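Just below is one structure, and these are the notes that go with it.
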Amino acid sequence: MKLALYQVDAFTDKTFGGNPACVVPLEQWLPDDLLLKITQENAVAETAFFVDNGDKIHLRWFTPEIEMDLCGHATLATAHVLKSILNYTSDTIVFHTLSGDLTVTVDNDLYTLDFPSRKPTNAILPEIIKNALSKQPIAVLKSRDFVLVYEQEADIRNITINRQILDQINLDPGGVIITTKGDNCDFVSRYFTPQASIFEDPVTGSAHCSLIPYWGEQLNKTEMLALQLSDRIGTLFCIDKGDRVLIKGKAKTYSTGFLYTD
């Protein structure tokens, strides 16, 4: 079987920046175990598979370990492939997903993701996570992910996390966000997934479903600029709309080609 395969760097306008995702268009769904094997072979944080049903596009996201409930950067990457490579005619794309219908609107090279808001609430930090951190947060919250709030940007940049300890906990499909106010933007973050093949995710759109409502309330703002401080750096333009969040970003095609299965 021959399938088209695209790799896109999302939430960046530069190759080798942002978060890489693979995108695989399908005419019909393949067995889940084959989708997972393809994802493992691609060896990036997420591979998006989609089937165009006409009015809506059925979209699914896989990590090398599991199917995800929501993924921002792979959604952006899929929209980019549809518009810039596959000549999708509409500037509004509706994806049918495990998180409901998600709309992406396109304005030149800027993609706006309309995602559900997942406001985090106060939580108790599990001992395993606490023991894995070189510095403790000043606040702990949780939605899908644990959200650990720190005092200053230097804390986010300089923290060390003991993976051997953190891998003792399974948070599927969630992870651990560390965040604080930004020195040159509204807020910054990093994202870690215990037991995942890619421990630190470079840019995590779905994490901002929790970060946007949290920082919107803290900063008393509805429009914010966010940076994810991984080695690859991601830039996200964020809007808090109450029960929804808008996440805007750019994307850059890295490669186009084919994959072959037996």
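Simple scheme: letters A, B, ... for chains in structure tokens order, numbers from 1 for residues in each chain, numbers from 1 for ligands in the order shown.
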Selection near segment 133-143 of chain A, 9 Å with only C-alpha atoms, sequence-local residues under 6 positions removed, as a list in words: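 The filter keeps Arg118, Lys119, Pro120, Thr121, Asn122, Ala123, Ile124, Leu125, Val149, Tyr150, Glu151, Asp155, Ile159, Thr160, Ile161, Asn162, Leu166, Gly174, Ile178 and Ser210 of chain A.
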Those residues you just picked out, can you put them in a file as a PDB file, in the first residue's frame with N, CA and C atoms?
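Generated output (part.pdb):
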```
ATOM      1  N   ARG A 118     -10.261  24.363  28.584  1.00  0.00           N
ATOM      2  CA  ARG A 118     -10.129  23.372  29.662  1.00  0.00           C
ATOM      3  C   ARG A 118      -9.483  24.065  30.866  1.00  0.00           C
ATOM      4  N   LYS A 119     -10.257  24.891  31.514  1.00  0.00           N
ATOM      5  CA  LYS A 119      -9.717  25.659  32.625  1.00  0.00           C
ATOM      6  C   LYS A 119      -9.297  24.735  33.759  1.00  0.00           C
ATOM      7  N   PRO A 120      -8.048  24.846  34.220  1.00  0.00           N
ATOM      8  CA  PRO A 120      -7.591  23.959  35.295  1.00  0.00           C
ATOM      9  C   PRO A 120      -8.076  24.439  36.657  1.00  0.00           C
ATOM     10  N   THR A 121      -8.183  23.512  37.576  1.00  0.00           N
ATOM     11  CA  THR A 121      -8.581  23.830  38.949  1.00  0.00           C
ATOM     12  C   THR A 121      -7.495  23.373  39.916  1.00  0.00           C
ATOM     13  N   ASN A 122      -7.537  23.900  41.129  1.00  0.00           N
ATOM     14  CA  ASN A 122      -6.521  23.573  42.133  1.00  0.00           C
ATOM     15  C   ASN A 122      -6.435  22.071  42.349  1.00  0.00           C
ATOM     16  N   ALA A 123      -5.218  21.593  42.511  1.00  0.00           N
ATOM     17  CA  ALA A 123      -5.001  20.150  42.642  1.00  0.00           C
ATOM     18  C   ALA A 123      -3.831  19.892  43.582  1.00  0.00           C
ATOM     19  N   ILE A 124      -3.707  18.651  43.994  1.00  0.00           N
ATOM     20  CA  ILE A 124      -2.581  18.211  44.818  1.00  0.00           C
ATOM     21  C   ILE A 124      -1.574  17.511  43.910  1.00  0.00           C
ATOM     22  N   LEU A 125      -0.326  17.883  44.042  1.00  0.00           N
ATOM     23  CA  LEU A 125       0.716  17.326  43.195  1.00  0.00           C
ATOM     24  C   LEU A 125       1.110  15.934  43.683  1.00  0.00           C
ATOM     25  N   VAL A 149       2.711  26.170  38.224  1.00  0.00           N
ATOM     26  CA  VAL A 149       2.996  27.590  38.041  1.00  0.00           C
ATOM     27  C   VAL A 149       4.250  27.971  38.823  1.00  0.00           C
ATOM     28  N   TYR A 150       5.133  28.735  38.162  1.00  0.00           N
ATOM     29  CA  TYR A 150       6.396  29.153  38.777  1.00  0.00           C
ATOM     30  C   TYR A 150       6.475  30.675  38.859  1.00  0.00           C
ATOM     31  N   GLU A 151       7.506  31.141  39.555  1.00  0.00           N
ATOM     32  CA  GLU A 151       7.628  32.569  39.843  1.00  0.00           C
ATOM     33  C   GLU A 151       8.157  33.380  38.671  1.00  0.00           C
ATOM     34  N   ASP A 155      12.946  30.153  35.940  1.00  0.00           N
ATOM     35  CA  ASP A 155      12.601  28.854  36.520  1.00  0.00           C
ATOM     36  C   ASP A 155      12.213  27.859  35.432  1.00  0.00           C
ATOM     37  N   ILE A 159      14.815  24.653  34.861  1.00  0.00           N
ATOM     38  CA  ILE A 159      14.396  23.498  35.645  1.00  0.00           C
ATOM     39  C   ILE A 159      14.964  22.209  35.046  1.00  0.00           C
ATOM     40  N   THR A 160      15.286  21.278  35.886  1.00  0.00           N
ATOM     41  CA  THR A 160      15.632  19.935  35.439  1.00  0.00           C
ATOM     42  C   THR A 160      14.599  18.972  35.993  1.00  0.00           C
ATOM     43  N   ILE A 161      14.235  18.006  35.174  1.00  0.00           N
ATOM     44  CA  ILE A 161      13.221  17.024  35.558  1.00  0.00           C
ATOM     45  C   ILE A 161      13.838  15.640  35.429  1.00  0.00           C
ATOM     46  N   ASN A 162      13.797  14.893  36.502  1.00  0.00           N
ATOM     47  CA  ASN A 162      14.364  13.544  36.523  1.00  0.00           C
ATOM     48  C   ASN A 162      13.400  12.605  35.815  1.00  0.00           C
ATOM     49  N   LEU A 166       9.962  10.585  36.923  1.00  0.00           N
ATOM     50  CA  LEU A 166       8.668  10.969  36.347  1.00  0.00           C
ATOM     51  C   LEU A 166       8.037   9.831  35.557  1.00  0.00           C
ATOM     52  N   GLY A 174      -2.585  12.650  29.380  1.00  0.00           N
ATOM     53  CA  GLY A 174      -2.112  13.958  29.823  1.00  0.00           C
ATOM     54  C   GLY A 174      -0.614  14.020  30.035  1.00  0.00           C
ATOM     55  N   ILE A 178       4.654  23.192  32.785  1.00  0.00           N
ATOM     56  CA  ILE A 178       5.225  24.175  33.704  1.00  0.00           C
ATOM     57  C   ILE A 178       5.107  25.535  33.035  1.00  0.00           C
ATOM     58  N   SER A 210      -5.732  24.859  28.461  1.00  0.00           N
ATOM     59  CA  SER A 210      -5.728  25.138  29.900  1.00  0.00           C
ATOM     60  C   SER A 210      -4.962  26.412  30.234  1.00  0.00           C
TER      61      SER A 210
END
```
- request: Give me every strand (DSSP E) residue in segment 10-223 of chain A, going by DSSP on the backbone, as a ChimeraX atom specification.
  value: /A:10,19-26,46-52,57-62,67-68,92-97,100-107,110-116,121-122,139-142,146-149,176-181,187-192,200-201,223
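Residues in contact range of segment 234-246 of chain A, defined as at most 7 Å between only C-alpha atoms, with sequence neighbours fewer than 2 positions away removed, read Phe11, Thr12, Gly18, Thr112, Leu113, Asp114, Phe115, Pro116, Ser117, Val203, Cys209, Ile212, Pro213, Gly216, Thr222, Glu223, Met224, Leu225, Ala226, Leu227, Gln228, Arg232, Lys248 and Gly249 of chain A.
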message: Report as number ranges by chain all protein, DNA and RNA residues lying within 12 Å of Ser90 of chain A, evaluated on only C-alpha atoms, omitting residues in the same chain fewer than 6 positions from it.
response: A: 54-56, 79, 82-84, 103-107
Those same residues - N, CA and C atoms - I'd like them written as a PDB file, in the first residue's frame.
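So part_10.pdb came out as:
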```pdb
ATOM      1  N   GLY A  54     -16.293  15.143   2.913  1.00  0.00           N
ATOM      2  CA  GLY A  54     -17.067  16.137   2.191  1.00  0.00           C
ATOM      3  C   GLY A  54     -17.295  17.387   3.012  1.00  0.00           C
ATOM      4  N   ASP A  55     -18.364  17.390   3.840  1.00  0.00           N
ATOM      5  CA  ASP A  55     -18.645  18.583   4.637  1.00  0.00           C
ATOM      6  C   ASP A  55     -17.700  18.707   5.823  1.00  0.00           C
ATOM      7  N   LYS A  56     -17.271  17.569   6.344  1.00  0.00           N
ATOM      8  CA  LYS A  56     -16.326  17.555   7.456  1.00  0.00           C
ATOM      9  C   LYS A  56     -15.182  16.599   7.153  1.00  0.00           C
ATOM     10  N   ALA A  79      -4.252  21.209   8.581  1.00  0.00           N
ATOM     11  CA  ALA A  79      -4.844  22.335   7.863  1.00  0.00           C
ATOM     12  C   ALA A  79      -3.858  22.922   6.857  1.00  0.00           C
ATOM     13  N   LEU A  82      -3.687  20.630   3.832  1.00  0.00           N
ATOM     14  CA  LEU A  82      -4.895  20.768   3.016  1.00  0.00           C
ATOM     15  C   LEU A  82      -4.851  22.041   2.168  1.00  0.00           C
ATOM     16  N   LYS A  83      -4.462  23.158   2.773  1.00  0.00           N
ATOM     17  CA  LYS A  83      -4.498  24.439   2.062  1.00  0.00           C
ATOM     18  C   LYS A  83      -3.303  24.636   1.136  1.00  0.00           C
ATOM     19  N   SER A  84      -2.111  24.346   1.612  1.00  0.00           N
ATOM     20  CA  SER A  84      -0.913  24.728   0.855  1.00  0.00           C
ATOM     21  C   SER A  84      -0.471  23.664  -0.150  1.00  0.00           C
ATOM     22  N   THR A 103     -12.860  23.747  14.377  1.00  0.00           N
ATOM     23  CA  THR A 103     -12.787  24.576  13.181  1.00  0.00           C
ATOM     24  C   THR A 103     -11.431  25.264  13.093  1.00  0.00           C
ATOM     25  N   VAL A 104     -10.849  25.229  11.914  1.00  0.00           N
ATOM     26  CA  VAL A 104      -9.623  25.976  11.635  1.00  0.00           C
ATOM     27  C   VAL A 104      -9.925  26.949  10.497  1.00  0.00           C
ATOM     28  N   THR A 105      -9.653  28.211  10.720  1.00  0.00           N
ATOM     29  CA  THR A 105      -9.804  29.214   9.670  1.00  0.00           C
ATOM     30  C   THR A 105      -8.431  29.662   9.208  1.00  0.00           C
ATOM     31  N   VAL A 106      -8.350  29.975   7.925  1.00  0.00           N
ATOM     32  CA  VAL A 106      -7.064  30.289   7.311  1.00  0.00           C
ATOM     33  C   VAL A 106      -7.103  31.716   6.769  1.00  0.00           C
ATOM     34  N   ASP A 107      -6.106  32.504   7.148  1.00  0.00           N
ATOM     35  CA  ASP A 107      -5.954  33.861   6.648  1.00  0.00           C
ATOM     36  C   ASP A 107      -4.520  34.013   6.167  1.00  0.00           C
TER      37      ASP A 107
END
```
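Listed by chain and then by rising number, the residues of segment 37-96 of chain A that DSSP assigns to alpha helix (DSSP H) from the backbone are Lys37, Ile38, Thr39, Gln40, Glu41, Asn42, Gly72, His73, Ala74, Thr75, Leu76, Ala77, Thr78, Ala79, His80, Val81, Leu82, Lys83 and Ser84 of chain A.
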Generate the output file for the selected residues, C-alpha atoms, as a PDB file, in the first residue's frame.
```
ATOM      1  CA  LYS A  37       2.835   1.271  13.517  1.00  0.00           C
ATOM      2  CA  ILE A  38       2.982   4.060  10.934  1.00  0.00           C
ATOM      3  CA  THR A  39       3.172   6.612  13.747  1.00  0.00           C
ATOM      4  CA  GLN A  40       5.971   4.705  15.443  1.00  0.00           C
ATOM      5  CA  GLU A  41       7.897   4.557  12.167  1.00  0.00           C
ATOM      6  CA  ASN A  42       7.469   8.312  11.656  1.00  0.00           C
ATOM      7  CA  GLY A  72      -3.088  21.312  18.411  1.00  0.00           C
ATOM      8  CA  HIS A  73       0.104  21.191  16.385  1.00  0.00           C
ATOM      9  CA  ALA A  74      -0.953  18.184  14.305  1.00  0.00           C
ATOM     10  CA  THR A  75      -4.312  19.862  13.613  1.00  0.00           C
ATOM     11  CA  LEU A  76      -2.497  22.977  12.423  1.00  0.00           C
ATOM     12  CA  ALA A  77      -0.190  20.795  10.318  1.00  0.00           C
ATOM     13  CA  THR A  78      -3.166  19.034   8.727  1.00  0.00           C
ATOM     14  CA  ALA A  79      -4.844  22.335   7.863  1.00  0.00           C
ATOM     15  CA  HIS A  80      -1.557  23.527   6.361  1.00  0.00           C
ATOM     16  CA  VAL A  81      -1.289  20.410   4.181  1.00  0.00           C
ATOM     17  CA  LEU A  82      -4.895  20.768   3.016  1.00  0.00           C
ATOM     18  CA  LYS A  83      -4.498  24.439   2.062  1.00  0.00           C
ATOM     19  CA  SER A  84      -0.913  24.728   0.855  1.00  0.00           C
TER      20      SER A  84
END
```
Residues of segment 135-186 of chain A that have any atom at most 12 Å from an atom of segment 62-69 of chain A: could you tabulate them with the shortest-distance atom pair and the distance in Å to one decimal, using only C-alpha atoms, ordered by chain and increasing number, as a Markdown table?
```
| residue | atom | partner | partner_atom | distance |
| --- | --- | --- | --- | --- |
| A:Arg144 | CA | A:Asp69 | CA | 9.9 |
| A:Asn170 | CA | A:Glu65 | CA | 11.9 |
| A:Leu171 | CA | A:Ile66 | CA | 11.8 |
| A:Asp172 | CA | A:Ile66 | CA | 8.2 |
| A:Pro173 | CA | A:Met68 | CA | 6.3 |
| A:Gly174 | CA | A:Met68 | CA | 9.1 |
| A:Gly175 | CA | A:Met68 | CA | 11.7 |
```
task: Enter the distance from atom CA of Cys185 of chain A to atom CA of Glu217 of chain A, in Å, rounded to one decimal.
output: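 Taking atom CA of Cys185 of chain A and atom CA of Glu217 of chain A, their separation equals 15.8 Å.
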query: Given the choices A:Ile85, A:Leu219, A:Val188, A:Ile233, which gets closest to Glu153 of chain A if the distance is worked out from only C-alpha atoms?
result: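 Nearest to Glu153 of chain A: A:Val188.
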message: Could you tell me how far atom CA of Ser99 of chain A sits from atom CA of Ala196 of chain A, in Å to one decimal place?
response: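 Result for atom CA of Ala196 of chain A versus atom CA of Ser99 of chain A: 21.4 Å, one decimal.
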Using only C-alpha atoms: which of A:Ser255, A:Gln7, A:Gln152, A:Ser230 has the shortest distance to Thr204 of chain A: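 The answer is A:Ser230, which sits nearest to Thr204 of chain A.
Counting from atom CA of Ala251 of chain A, the distance to atom CA of Leu148 of chain A is 28.0 Å.
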